Structures are given as C-alpha cells and as structure tokens.
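Coordinates from input_20.tsv are shown below (TSV, C-alpha atoms).
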chain	number	residue	atom	x	y	z
A	27	MET	CA	92.41	100.97	111.78
A	28	ASP	CA	90.24	101.44	108.71
A	29	GLU	CA	89.08	98.12	107.29
A	30	ASP	CA	87.09	97.06	104.26
A	31	ARG	CA	83.70	96.12	105.59
A	32	ALA	CA	82.58	92.52	105.10
A	33	PRO	CA	78.96	91.97	104.01
A	34	GLN	CA	76.82	90.48	106.75
A	35	THR	CA	76.12	87.47	104.54
A	36	VAL	CA	79.57	86.07	105.43
A	37	TRP	CA	78.20	85.31	108.91
A	38	LYS	CA	74.97	83.65	107.75
A	39	PRO	CA	72.98	81.80	108.86
A	40	ALA	CA	72.38	84.08	111.83
A	41	LYS	CA	71.84	81.08	114.12
A	42	ARG	CA	72.61	77.38	114.01
A	43	LEU	CA	71.11	74.70	116.23
A	44	ARG	CA	74.12	72.40	116.41
A	45	ALA	CA	77.19	73.49	118.34
A	46	LEU	CA	80.36	74.05	116.35
A	47	LYS	CA	82.93	71.28	116.74
A	48	PRO	CA	86.66	71.75	116.10
A	49	VAL	CA	87.71	71.00	112.54
A	50	TRP	CA	91.20	70.48	113.90
A	51	GLN	CA	93.05	70.61	117.21
A	52	ALA	CA	96.78	71.19	117.27
A	53	ALA	CA	98.83	68.56	119.04
A	54	HIS	CA	100.30	69.18	122.47
A	55	ASP	CA	104.10	68.90	122.27
A	56	GLY	CA	104.36	66.71	125.37
A	57	ARG	CA	106.18	69.27	127.47
A	58	ALA	CA	105.08	70.85	130.73
A	59	ASP	CA	102.21	73.27	130.39
A	60	ALA	CA	103.29	76.80	129.53
A	61	GLY	CA	100.59	79.47	129.49
A	62	ALA	CA	100.08	81.61	126.42
A	63	LEU	CA	101.75	85.03	126.63
A	64	ALA	CA	101.00	86.25	123.11
A	65	SER	CA	99.48	85.14	119.82
A	66	LEU	CA	99.75	86.52	116.30
A	67	LEU	CA	98.01	85.70	113.03
A	68	ASP	CA	100.05	86.10	109.85
A	69	SER	CA	97.47	86.10	107.06
A	70	GLY	CA	100.13	86.11	104.36
A	71	SER	CA	101.60	82.75	105.37
A	72	GLY	CA	98.34	81.42	106.83
A	73	LEU	CA	99.97	80.75	110.20
A	74	VAL	CA	98.77	81.32	113.74
A	75	LEU	CA	101.51	81.74	116.35
A	76	ARG	CA	101.27	80.90	120.05
A	77	ALA	CA	104.04	82.22	122.30
A	78	ALA	CA	104.91	80.90	125.77
A	79	PHE	CA	107.77	81.89	128.07
A	80	ASP	CA	110.16	79.37	126.52
A	81	ARG	CA	109.04	78.84	122.92
A	82	VAL	CA	106.97	80.03	119.97
A	83	ARG	CA	104.98	77.51	117.88
A	84	ALA	CA	103.41	78.19	114.49
A	85	PHE	CA	100.40	76.26	113.19
A	86	ASP	CA	98.83	76.07	109.73
A	87	ALA	CA	95.42	77.78	109.91
A	88	GLU	CA	93.95	75.29	107.42
A	89	THR	CA	95.22	72.00	108.86
A	90	GLY	CA	96.50	72.66	112.38
A	91	GLU	CA	99.85	71.10	111.50
A	92	GLN	CA	102.81	72.58	113.34
A	93	ARG	CA	104.95	74.26	110.72
A	94	TRP	CA	107.79	75.34	112.98
A	95	ALA	CA	108.83	75.92	116.59
A	96	TRP	CA	111.41	78.38	117.92
A	97	GLU	CA	113.07	77.86	121.29
A	98	VAL	CA	114.00	80.91	123.35
A	99	PRO	CA	117.82	80.65	123.44
A	100	GLY	CA	119.86	79.54	126.43
A	101	ARG	CA	118.11	80.12	129.75
A	102	ASP	CA	116.36	83.28	128.57
A	103	VAL	CA	112.61	83.79	128.88
A	104	LEU	CA	110.38	85.55	126.39
A	105	SER	CA	109.92	89.13	127.60
A	106	ALA	CA	108.28	91.12	124.78
A	107	VAL	CA	106.58	90.52	121.42
A	108	ALA	CA	105.61	93.08	118.78
A	109	ASP	CA	101.82	93.38	118.45
A	110	GLU	CA	101.75	92.26	114.80
A	111	ALA	CA	103.72	90.14	112.37
A	112	THR	CA	104.59	92.65	109.65
A	113	GLY	CA	106.28	91.99	106.32
A	114	GLY	CA	106.78	88.33	107.18
A	115	VAL	CA	108.70	89.19	110.38
A	116	VAL	CA	108.07	88.46	114.06
A	117	LEU	CA	110.00	90.61	116.54
A	118	LEU	CA	110.79	89.34	120.05
A	119	ALA	CA	112.79	90.33	123.11
A	120	HIS	CA	114.12	87.88	125.69
A	121	TRP	CA	116.43	87.94	128.68
A	122	PRO	CA	117.63	85.71	131.55
A	123	ASP	CA	114.99	85.26	134.25
A	124	THR	CA	117.07	86.97	136.94
A	125	SER	CA	117.13	90.43	138.50
A	126	GLU	CA	120.08	91.36	136.26
A	127	GLY	CA	118.57	89.64	133.20
A	128	PRO	CA	117.58	92.78	131.24
A	129	GLU	CA	121.24	93.83	131.18
A	130	LYS	CA	121.83	90.88	128.82
A	131	ALA	CA	118.66	91.11	126.76
A	132	GLY	CA	118.41	89.72	123.27
A	133	VAL	CA	116.25	91.01	120.44
A	134	THR	CA	115.48	88.51	117.70
A	135	ALA	CA	113.64	88.76	114.38
A	136	LEU	CA	112.13	85.58	112.94
A	137	ASP	CA	110.91	84.83	109.45
A	138	THR	CA	107.20	84.14	109.90
A	139	ALA	CA	106.94	81.50	107.17
A	140	SER	CA	109.89	79.35	108.29
A	141	GLY	CA	110.63	80.34	111.88
A	142	LYS	CA	114.29	80.85	111.00
A	143	GLY	CA	116.19	83.63	112.73
A	144	LEU	CA	116.81	86.62	110.49
A	145	TRP	CA	119.03	88.45	112.96
A	146	SER	CA	119.64	88.84	116.66
A	147	ALA	CA	121.25	91.55	118.77
A	148	ARG	CA	122.19	91.92	122.41
A	149	LEU	CA	121.03	95.11	124.14
A	150	ASN	CA	121.15	96.41	127.69
A	151	LEU	CA	117.51	96.92	128.62
A	152	SER	CA	118.16	97.30	132.33
A	153	GLY	CA	116.61	100.77	132.19
A	154	LEU	CA	113.14	99.25	131.74
A	155	SER	CA	111.02	98.37	134.75
A	156	HIS	CA	109.21	95.03	134.67
A	157	HIS	CA	107.80	93.30	137.73
A	158	ASP	CA	105.43	90.56	136.59
A	159	PRO	CA	105.85	87.21	134.78
A	160	GLY	CA	103.98	88.39	131.68
A	161	LEU	CA	105.39	90.24	128.71
A	162	ARG	CA	106.56	93.84	128.95
A	163	VAL	CA	104.17	95.81	126.75
A	164	GLY	CA	105.54	98.57	124.52
A	165	THR	CA	109.15	97.35	124.40
A	166	VAL	CA	109.36	96.31	120.73
A	167	ALA	CA	107.32	97.29	117.68
A	168	LEU	CA	107.20	96.58	113.96
A	169	SER	CA	105.95	98.82	111.19
A	170	GLY	CA	106.81	98.69	107.51
A	171	GLU	CA	110.53	97.97	107.20
A	172	CYS	CA	111.35	99.12	110.74
A	173	ALA	CA	112.00	96.98	113.79
A	174	LEU	CA	111.96	99.21	116.87
A	175	VAL	CA	113.31	98.56	120.36
A	176	THR	CA	113.24	100.91	123.32
A	177	THR	CA	115.75	101.13	126.13
A	178	GLY	CA	115.52	103.36	129.16
A	179	GLU	CA	117.29	106.12	127.21
A	180	LYS	CA	116.51	105.82	123.49
A	181	VAL	CA	114.60	104.00	120.76
A	182	VAL	CA	116.68	102.10	118.21
A	183	ALA	CA	115.41	101.39	114.69
A	184	ARG	CA	116.78	98.52	112.61
A	185	ASP	CA	115.88	97.06	109.25
A	186	ALA	CA	113.28	94.42	110.06
A	187	ARG	CA	114.78	91.72	107.82
A	188	THR	CA	118.52	92.41	108.01
A	189	GLY	CA	118.97	94.01	111.44
A	190	ARG	CA	120.94	96.88	109.89
A	191	HIS	CA	121.00	99.92	112.17
A	192	MET	CA	118.87	102.70	110.64
A	193	TRP	CA	118.64	105.40	113.29
A	194	SER	CA	118.07	106.04	116.97
A	195	VAL	CA	116.27	108.78	118.85
A	196	PRO	CA	116.81	109.68	122.52
A	197	HIS	CA	113.91	110.16	124.90
A	198	GLU	CA	113.65	111.46	128.42
A	199	GLU	CA	115.13	108.68	130.52
A	200	ASP	CA	112.27	106.64	131.92
A	201	HIS	CA	111.88	103.12	133.30
A	202	GLY	CA	108.22	102.97	132.18
A	203	VAL	CA	108.65	104.10	128.56
A	204	ARG	CA	106.21	102.62	126.01
A	205	ILE	CA	106.38	102.61	122.20
A	206	ALA	CA	104.00	101.83	119.33
A	207	ALA	CA	104.35	102.29	115.58
A	208	ALA	CA	101.93	102.53	112.66
A	209	GLY	CA	100.97	104.90	109.87
A	210	GLY	CA	104.58	105.88	109.14
A	211	ARG	CA	105.34	107.10	112.65
A	212	LEU	CA	106.71	105.97	115.99
A	213	VAL	CA	104.97	107.08	119.19
A	214	VAL	CA	106.94	107.22	122.45
A	215	VAL	CA	105.31	107.88	125.83
A	216	THR	CA	107.51	108.69	128.81
A	217	GLU	CA	106.76	109.67	132.40
A	218	ASN	CA	109.48	111.61	134.20
A	219	SER	CA	109.25	113.59	137.45
A	220	GLY	CA	105.46	113.49	137.28
A	221	ILE	CA	105.33	114.84	133.72
A	222	THR	CA	104.10	112.63	130.87
A	223	THR	CA	105.53	113.44	127.45
A	224	VAL	CA	104.41	112.18	124.04
A	225	LEU	CA	106.99	112.07	121.25
A	226	THR	CA	106.33	111.18	117.60
A	227	VAL	CA	109.04	110.27	115.10
A	228	ALA	CA	109.00	109.69	111.34
A	229	LEU	CA	109.87	106.06	110.62
A	230	ALA	CA	111.49	106.94	107.29
A	231	ASP	CA	114.42	108.88	108.76
A	232	GLY	CA	114.04	109.16	112.55
A	233	ALA	CA	113.17	112.87	112.41
A	234	VAL	CA	111.18	114.13	115.38
A	235	LEU	CA	107.72	115.25	114.25
A	236	TRP	CA	106.61	116.74	117.56
A	237	LYS	CA	107.15	116.42	121.27
A	238	LYS	CA	104.56	117.65	123.74
A	239	PRO	CA	103.40	117.14	127.32
A	240	LEU	CA	100.23	115.15	127.79
A	241	PRO	CA	97.32	117.58	127.14
A	242	VAL	CA	95.51	117.14	130.47
A	243	ASP	CA	95.19	119.09	133.70
A	244	GLY	CA	95.68	117.47	137.07
A	245	PRO	CA	97.91	114.76	138.53
A	246	VAL	CA	98.41	111.65	136.39
A	247	GLY	CA	98.98	108.21	137.90
A	248	ALA	CA	99.57	106.16	134.75
A	249	VAL	CA	99.22	106.43	130.99
A	250	GLY	CA	98.59	103.51	128.66
A	251	LEU	CA	99.56	103.71	124.99
A	252	LEU	CA	96.71	101.95	123.16
A	253	GLY	CA	97.75	102.56	119.56
A	254	ALA	CA	99.77	104.72	117.18
A	255	ASP	CA	97.29	105.13	114.32
A	256	PRO	CA	94.98	106.49	115.58
A	257	LEU	CA	97.07	107.73	118.51
A	258	LEU	CA	95.12	106.55	121.55
A	259	LEU	CA	96.00	106.98	125.21
A	260	ALA	CA	94.34	105.77	128.40
A	261	VAL	CA	94.95	108.30	131.20
A	262	GLU	CA	94.45	107.19	134.79
A	263	GLY	CA	94.49	110.21	137.03
A	264	GLU	CA	95.91	110.19	140.52
A	265	GLY	CA	93.20	110.45	143.14
A	266	ARG	CA	89.52	111.17	142.68
A	267	ARG	CA	90.20	114.59	141.11
A	268	GLY	CA	92.73	113.30	138.62
A	269	PRO	CA	92.02	113.22	134.86
A	270	HIS	CA	90.51	109.78	134.12
A	271	ARG	CA	89.90	109.61	130.36
A	272	LEU	CA	90.70	108.16	126.97
A	273	LEU	CA	92.35	110.53	124.50
A	274	ARG	CA	92.77	110.49	120.74
A	275	LEU	CA	95.47	112.94	119.71
A	276	ASP	CA	95.52	114.67	116.32
A	277	GLU	CA	98.44	114.94	113.90
A	278	GLY	CA	99.91	117.84	115.86
A	279	GLY	CA	99.57	116.35	119.32
A	280	GLY	CA	96.42	118.20	120.33
A	281	THR	CA	93.32	116.54	121.76
A	282	ALA	CA	91.02	115.44	118.95
A	283	VAL	CA	88.63	113.32	121.04
A	284	GLU	CA	88.19	112.93	124.79
A	285	ILE	CA	86.16	110.12	126.38
A	286	PRO	CA	85.64	110.25	130.16
A	287	MET	CA	86.30	106.99	131.98
A	288	THR	CA	83.11	107.49	133.96
A	289	GLY	CA	79.89	108.94	132.58
A	290	GLY	CA	76.47	108.02	131.26
A	291	HIS	CA	78.01	104.87	129.75
A	292	GLY	CA	79.18	103.68	133.17
A	293	THR	CA	82.85	103.16	134.02
A	294	ILE	CA	85.43	102.05	131.46
A	295	ARG	CA	87.71	99.36	132.86
A	296	THR	CA	91.26	99.53	131.51
A	297	ALA	CA	92.06	95.98	132.64
A	298	PRO	CA	88.93	93.80	132.68
A	299	TRP	CA	90.02	90.60	134.39
A	300	THR	CA	88.04	88.36	132.03
A	301	VAL	CA	90.05	89.28	128.91
A	302	ALA	CA	93.49	87.63	128.99
A	303	ASP	CA	94.85	89.20	125.78
A	304	GLY	CA	95.76	92.74	126.82
A	305	ARG	CA	95.83	93.97	123.21
A	306	ARG	CA	92.09	93.32	122.91
A	307	ARG	CA	90.95	95.26	125.97
A	308	PHE	CA	90.73	98.27	123.66
A	309	THR	CA	90.23	97.58	119.96
A	310	ALA	CA	89.74	100.04	117.08
A	311	VAL	CA	87.43	98.76	114.33
A	312	GLY	CA	86.87	101.39	111.65
A	313	ASP	CA	85.59	104.50	113.44
A	314	THR	CA	84.61	102.59	116.57
A	315	LEU	CA	86.69	102.03	119.68
A	316	LEU	CA	85.66	98.89	121.56
A	317	ALA	CA	86.14	99.00	125.34
A	318	PHE	CA	84.73	97.22	128.41
A	319	VAL	CA	82.44	99.06	130.81
A	320	GLU	CA	80.68	98.52	134.11
A	321	PRO	CA	77.25	99.98	133.30
A	322	SER	CA	76.52	101.15	136.88
A	323	PRO	CA	77.69	100.71	140.50
A	324	GLU	CA	74.87	98.20	140.94
A	325	GLU	CA	75.79	96.27	137.78
A	326	THR	CA	79.46	95.37	137.99
A	327	LEU	CA	79.62	92.71	135.26
A	328	VAL	CA	81.74	94.25	132.50
A	329	ARG	CA	80.24	94.43	129.02
A	330	PRO	CA	81.65	95.44	125.62
A	331	ALA	CA	80.79	98.97	124.50
A	332	GLY	CA	81.46	101.08	121.42
A	333	PHE	CA	82.62	104.71	121.24
A	334	SER	CA	83.05	106.93	118.19
A	335	LEU	CA	86.67	107.73	117.41
A	336	SER	CA	85.52	110.84	115.53
A	337	THR	CA	83.38	112.40	118.26
A	338	GLY	CA	83.94	110.37	121.44
A	339	ARG	CA	80.21	109.70	121.66
A	340	HIS	CA	79.04	106.52	123.37
A	341	LEU	CA	77.41	104.44	120.61
A	342	TRP	CA	76.25	101.26	122.31
A	343	THR	CA	76.71	98.82	125.18
A	344	SER	CA	76.19	95.11	124.57
A	345	ASP	CA	73.82	92.97	126.63
A	346	HIS	CA	76.45	90.22	126.66
A	347	TRP	CA	78.64	89.86	129.74
A	348	GLY	CA	81.28	87.31	130.65
A	349	ILE	CA	83.20	87.93	127.40
A	350	VAL	CA	86.60	86.24	127.64
A	351	ALA	CA	88.05	86.79	124.15
A	352	LEU	CA	87.32	88.78	121.00
A	353	ALA	CA	88.65	89.41	117.51
A	354	PRO	CA	87.93	92.25	115.06
A	355	HIS	CA	87.18	91.31	111.47
A	356	ARG	CA	86.26	93.68	108.62
A	357	GLY	CA	83.90	96.00	110.46
A	358	HIS	CA	82.62	93.39	112.89
A	359	VAL	CA	83.80	91.89	116.16
A	360	VAL	CA	83.57	88.23	117.19
A	361	MET	CA	83.23	87.67	120.94
A	362	VAL	CA	83.23	84.49	123.03
A	363	ARG	CA	81.35	84.09	126.29
A	364	HIS	CA	81.95	81.18	128.68
A	365	TYR	CA	79.33	79.18	130.49
A	366	ASP	CA	80.99	77.63	133.53
A	367	GLU	CA	78.15	75.18	134.15
A	368	SER	CA	78.55	73.39	130.81
A	369	PHE	CA	81.18	72.32	128.30
A	370	SER	CA	80.13	74.99	125.83
A	371	SER	CA	80.77	78.58	124.99
A	372	ARG	CA	78.85	80.97	122.81
A	373	ALA	CA	80.25	83.17	120.07
A	374	TYR	CA	78.56	86.39	118.99
A	375	VAL	CA	79.23	88.57	115.97
A	376	LEU	CA	78.40	92.24	116.48
A	377	ASP	CA	78.37	95.12	114.03
A	378	ALA	CA	81.11	97.31	115.50
A	379	ALA	CA	79.38	100.55	114.45
A	380	THR	CA	76.00	99.79	116.02
A	381	GLY	CA	76.51	96.92	118.44
A	382	ARG	CA	73.75	94.98	116.71
A	383	GLU	CA	74.08	91.21	116.85
A	384	VAL	CA	74.56	89.78	113.36
A	385	ALA	CA	75.01	86.09	114.21
A	386	ARG	CA	75.72	83.66	117.03
A	387	ARG	CA	76.97	80.12	117.49
A	388	SER	CA	77.38	77.61	120.30
A	389	ILE	CA	80.90	76.19	120.55
A	390	ARG	CA	81.85	72.76	121.88
A	391	ARG	CA	84.84	72.83	124.22
A	392	THR	CA	86.54	70.77	126.92
A	393	GLY	CA	85.81	71.49	130.55
A	394	SER	CA	88.83	73.62	131.48
A	395	ASP	CA	89.59	75.03	128.04
A	396	GLU	CA	89.97	78.81	128.39
A	397	PRO	CA	90.72	80.98	125.35
A	398	TYR	CA	93.68	83.33	125.56
A	399	THR	CA	92.60	85.08	122.37
A	400	LEU	CA	90.81	84.61	119.02
A	401	HIS	CA	91.69	85.20	115.38
A	402	VAL	CA	89.51	85.15	112.28
A	403	HIS	CA	91.04	83.76	109.10
A	404	GLY	CA	88.60	83.52	106.21
A	405	ARG	CA	85.72	81.26	107.30
A	406	ARG	CA	87.77	79.98	110.20
A	407	LEU	CA	87.63	80.97	113.87
A	408	LEU	CA	90.97	80.21	115.54
A	409	TRP	CA	90.89	79.62	119.29
A	410	VAL	CA	94.25	80.04	121.05
A	411	SER	CA	94.09	78.34	124.44
A	412	THR	CA	95.48	79.82	127.62
A	413	SER	CA	97.04	76.47	128.55
A	414	SER	CA	98.49	73.58	126.55
A	415	THR	CA	98.23	70.10	128.07
A	416	ALA	CA	97.46	66.56	127.00
A	417	ALA	CA	93.76	67.41	127.49
A	418	THR	CA	93.85	70.96	126.11
A	419	ALA	CA	94.95	71.74	122.57
A	420	PRO	CA	97.19	74.84	122.30
A	421	VAL	CA	95.21	76.01	119.25
A	422	LYS	CA	92.06	74.75	117.58
A	423	ALA	CA	89.86	75.86	114.71
A	424	TYR	CA	86.12	76.07	114.03
A	425	ASP	CA	84.39	76.70	110.72
A	426	TRP	CA	81.71	79.34	111.14
A	427	ARG	CA	79.37	77.92	108.50
Take the structure in the file and write it out as structure tokens.
Amino acid sequence: MDEDRAPQTVWKPAKRLRALKPVWQAAHDGRADAGALASLLDSGSGLVLRAAFDRVRAFDAETGEQRWAWEVPGRDVLSAVADEATGGVVLLAHWPDTSEGPEKAGVTALDTASGKGLWSARLNLSGLSHHDPGLRVGTVALSGECALVTTGEKVVARDARTGRHMWSVPHEEDHGVRIAAAGGRLVVVTENSGITTVLTVALADGAVLWKKPLPVDGPVGAVGLLGADPLLLAVEGEGRRGPHRLLRLDEGGGTAVEIPMTGGHGTIRTAPWTVADGRRRFTAVGDTLLAFVEPSPEETLVRPAGFSLSTGRHLWTSDHWGIVALAPHRGHVVMVRHYDESFSSRAYVLDAATGREVARRSIRRTGSDEPYTLHVHGRRLLWVSTSSTAATAPVKAYDWR
C-alpha cells in the first residue's frame, strides 16, 4: 500500500520519562471471556471493532464508549471477517459450530457506523476446509463496491451495501482456496493435485484478467496469499529442496520480486508465535515489506525486518525482539514489546524504509493484559486486548503525546 508519509514530528518527543496511562478503557460487557479473533479500525466513523466468536463490539476511538454490538445469529459462530472495513461496510461469515456447519453458512454485511445488518445470505461453504477454532482466512473480502465470498467451486460477488448479485467466477475446485481483493482486482489462489494456480479477476465486471500456475520450480507444500495490491505470496516448499520464498507478482502474473525465506537476513518465519494478529505477520508499508526473521540458528528470537518490494533486497533488521503487536501508520510502524517481569510494555516507532527508531514510550498495563493487535487513529494508540474480563478491558487507548 502506498501511504502519504507522516513527518517525524508527529511522534515527538522521541522519549518520555513517564509511562503512558490509558486515556480510556472500554467496559467489559459482563459475559464470559471470549478471545479476540479479529479487529478493524474504521477511520471514517472513528470506530474500532473487536470480534469474538459470538459477537462484534464497536467502540468510539475518542471516548471508548460502546456504540453498538452485533450478536452472531442463532447458534452460529463467527468464521471469517474481511481484512478491512470498506465503504462503511463490515463483511462476516458465520456457521453452526458442528461438522456440517459450513453447509448452512451465513454471510452478513453490517453498516459500520450503526452495526445494523445491511443484508444476509445463506451459502453452502462445505467445500472449504477449516480445522481450527480461529477464523478461516481468505474466505471473504471487500474492495470498493464489491463483497466477495468464496466457496469450494466459485467466487461470488455482491454489491457490498445491497447484497445484489453482481457476478460469479468459477475456480478449480479446492478446499484450501484463498481470496483477496484490492486495486480493482480479485486474486484467487487454489491448490489442486499438487498444482498451485493464481487467478486474477476484474472487480468491475468479473472478467478474468489472467490465470497462471505458480511461477516456481519444485514441490510446493503450502502457499499463503499475503495481499492483492501488491500481489504477495508466501511459498513454503515441500522438503528441504522445495521452493521456500516470498513472491511479488507483476500485472501479468510473472515474478517481479523474489525473496528467499532463508539467506543473509536469517530465516523468515511465516507464523511467528508472538504475533496474534495474523494479518500483521507480513505488512506492506510504502515500498517496504515488514516480516519477522530469526537472524541465525544461534539467535532464535524473532525480530522485525524490512525488505524492498521493488528489488527484494533486505533493508534492515531491528534490534527489538519480543514484539507482540504492530500497526503501520503513514510510512512508519508502531510496535509493542512485552516485559513479563513487570506491568509495563514498551512501544517503538520505526521508520519503515530504514528501520531507524524515531520514538519510544513505556506503556502502563495490567499484569495479564496481552494485545491482540494495535491501531493508530490520529494521536491515539488503540490497544485491542486478546481477552476481555472484569480485570482486562477489551479495548483501551493511549495518547502518544
């Protein structure tokens, strides 16, 4: 994503002696703890959303007041959430928490400002494999006016606000299909009979732009779709001779940039255990791709690192380890590190292009308060907690200055 770059003065002073205290802490709703599964920031309405398996709550970024709550209908559980709230819409998928549940899946679009349902549809998503209690990544996507849902056989596009059917496009039947959408196109990644195929479709009319096999040699174990614009893939080869690399594909489906998973930078970890929010394990900020690396076999603590999206060159590796959450913001990245021995964390702001530290703060927290993810909204750092209990606020806010 290309962002306008904020001047470094917005983070000043570079250091501050006193720890930041919350300016507000959202109220626990009194129900049993439900871990965070997703969180979105809608800058237009000034709301931060926290999604659990049974409900979505929206909080005012300025006051912390709950503006609305949406209950997952019936005995369904939340199963998928689009990566962004686009055009004032949140797109969700849910189904009964049974082995046959995906056969009776529901797809619901909510108005971000009010939480009211815009439309809902029942779809048979039994063709999708899903074996863990978290969300199924790459099931639904939003871009422009399109709400997109994949089944095991096709991708269906609907009008994001009305639910009107716009078009559908078949794909090679696959239980592990993943989709993403941005920049006027849909990207579909399928794996069938050992062959990984990448398909791109114009969002305007559903026309296929191109369809090509993954441009790598050697056996592939898994492919992660990291983003649609730029089109980024994480390829995990099968066995020690398999192709382990990150790829950026060009407009025609060819390889524009290739970054080896292991090299002089160390080893890139596709799923660093410290970072709960899967969307932030790889983050594009301007021309820099942020990833997490193990610098060497002797140094196994993962650290953030930057790679050029134009050339694939390794730009920097941070000295900071133990990072548990991060948020990109106008050419910079805010990262939080935990200190288990104290009730404090530390936040760092790095220049995404160079890795240089611009500012840092200590943050006051409660003993067991773990962040699921972070958002930056103006001067405000929004901390979305992994848990929500009487002693742990679901969301809280700090003012950087």
Near segment 245-264 of chain A, 6 Å: segment 115-228 of chain A residue rows, closest pairs, all atoms listed in the file, as CSV:
residue,atom,partner,partner_atom,distance
A:Ala206,CA,A:Ala254,CA,5.6
A:Ala207,CA,A:Ala254,CA,5.4
A:Ala208,CA,A:Ala254,CA,5.5
A:Gly209,CA,A:Asp255,CA,5.8
Writer output for current selection, C-alpha atoms, as a compact mmCIF listing (two decimals), keeping the file's coordinate frame:
# COMPACT_ATOMS: atom_id res chain seq x y z
CA ALA A 206 104.00 101.83 119.33
CA ALA A 207 104.35 102.29 115.58
CA ALA A 208 101.93 102.53 112.66
CA GLY A 209 100.97 104.90 109.87
| Residues near segment 48-54 of chain A, cut-off 9 Å, only C-alpha atoms, skip fewer than 2 positions along chain, as a PyMOL selection string | chain A and resi 46+56-57+85+88-92+389-391+414-425
| Distance of atom CA of Asp377 of chain A from atom CA of Gly357 of chain A, expressed in Å to one decimal place |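 Answer for the atom CA of Gly357 of chain A to atom CA of Asp377 of chain A separation: 6.6 Å.
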| message | I'd like the interatomic distance between atom CA of Pro196 of chain A and atom CA of Val107 of chain A, to a tenth of an Å. | response | 21.7 Å
| said: Let me make sure I understand: among A:Thr300, A:Thr112, A:Ser344, A:Thr188, which one has the smallest atom-to-atom distance to Leu144 of chain A if we use all atoms listed in the file? | reply: A:Thr188
| field | segment 116-128 of chain A environment, 9 Å, all atoms listed in the file, sequence neighbours closer than 3 positions dropped, as number ranges by chain | value | A: 66, 98-113, 131-138, 141, 149-154, 165-168, 173-175, 186
| query | Using all atoms listed in the file, which residue out of A:Leu67, A:Leu376, A:Ala385, A:Ala87 lies closest to Thr399 of chain A? | reply |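 That would be A:Leu67, the residue with the smallest distance to Thr399 of chain A.
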| Nearest to Arg42 of chain A: which of A:Tyr374, A:Asp231, A:Ala139, A:Val213 is it, counting only C-alpha atoms? | A:Tyr374
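Across A:Pro397, A:Leu75, A:Gly244, A:Thr177, the tightest approach to Gly220 of chain A is made by A:Gly244 when counting all atoms listed in the file.
Nearest to Pro321 of chain A of all the residues A:Ser65, A:Ser370, A:Thr216, A:Thr343 is A:Thr343, based on only C-alpha atoms.
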| said: So, with only C-alpha atoms as the atoms that count, which of A:Glu179, A:Glu284, A:Glu320, A:Glu277 lies closest to Pro241 of chain A? | reply: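 Closest candidate: A:Glu284.
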| field | Sphere at (85.0, 108.8, 119.0), radius 8 Å, counting all atoms listed in the file: residues as a VMD selection string | value | chain A and resid 283 to 285 313 to 315 333 to 340
| field | Spatial neighbours of Leu63 of chain A, max dist 10 Å, all atoms listed in the file, sep filter under 4 positions, as a count of residues only | value | 18
| remark: One decimal place gives the atom CA of Gly70 of chain A-atom CA of Val375 of chain A separation as 24.0 Å
Show me the residues close to (81.1, 93.0, 135.3) - anything with an atom within 9 Å, counting only C-alpha atoms - and format the list as a compact mmCIF listing (two decimals) with C-alpha atoms, in the frame of the given file.
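Everything below was put into out-v9.txt:
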# COMPACT_ATOMS: atom_id res chain seq x y z
CA PRO A 298 88.93 93.80 132.68
CA THR A 300 88.04 88.36 132.03
CA PHE A 318 84.73 97.22 128.41
CA VAL A 319 82.44 99.06 130.81
CA GLU A 320 80.68 98.52 134.11
CA PRO A 321 77.25 99.98 133.30
CA GLU A 325 75.79 96.27 137.78
CA THR A 326 79.46 95.37 137.99
CA LEU A 327 79.62 92.71 135.26
CA VAL A 328 81.74 94.25 132.50
CA ARG A 329 80.24 94.43 129.02
CA TRP A 347 78.64 89.86 129.74
CA GLY A 348 81.28 87.31 130.65
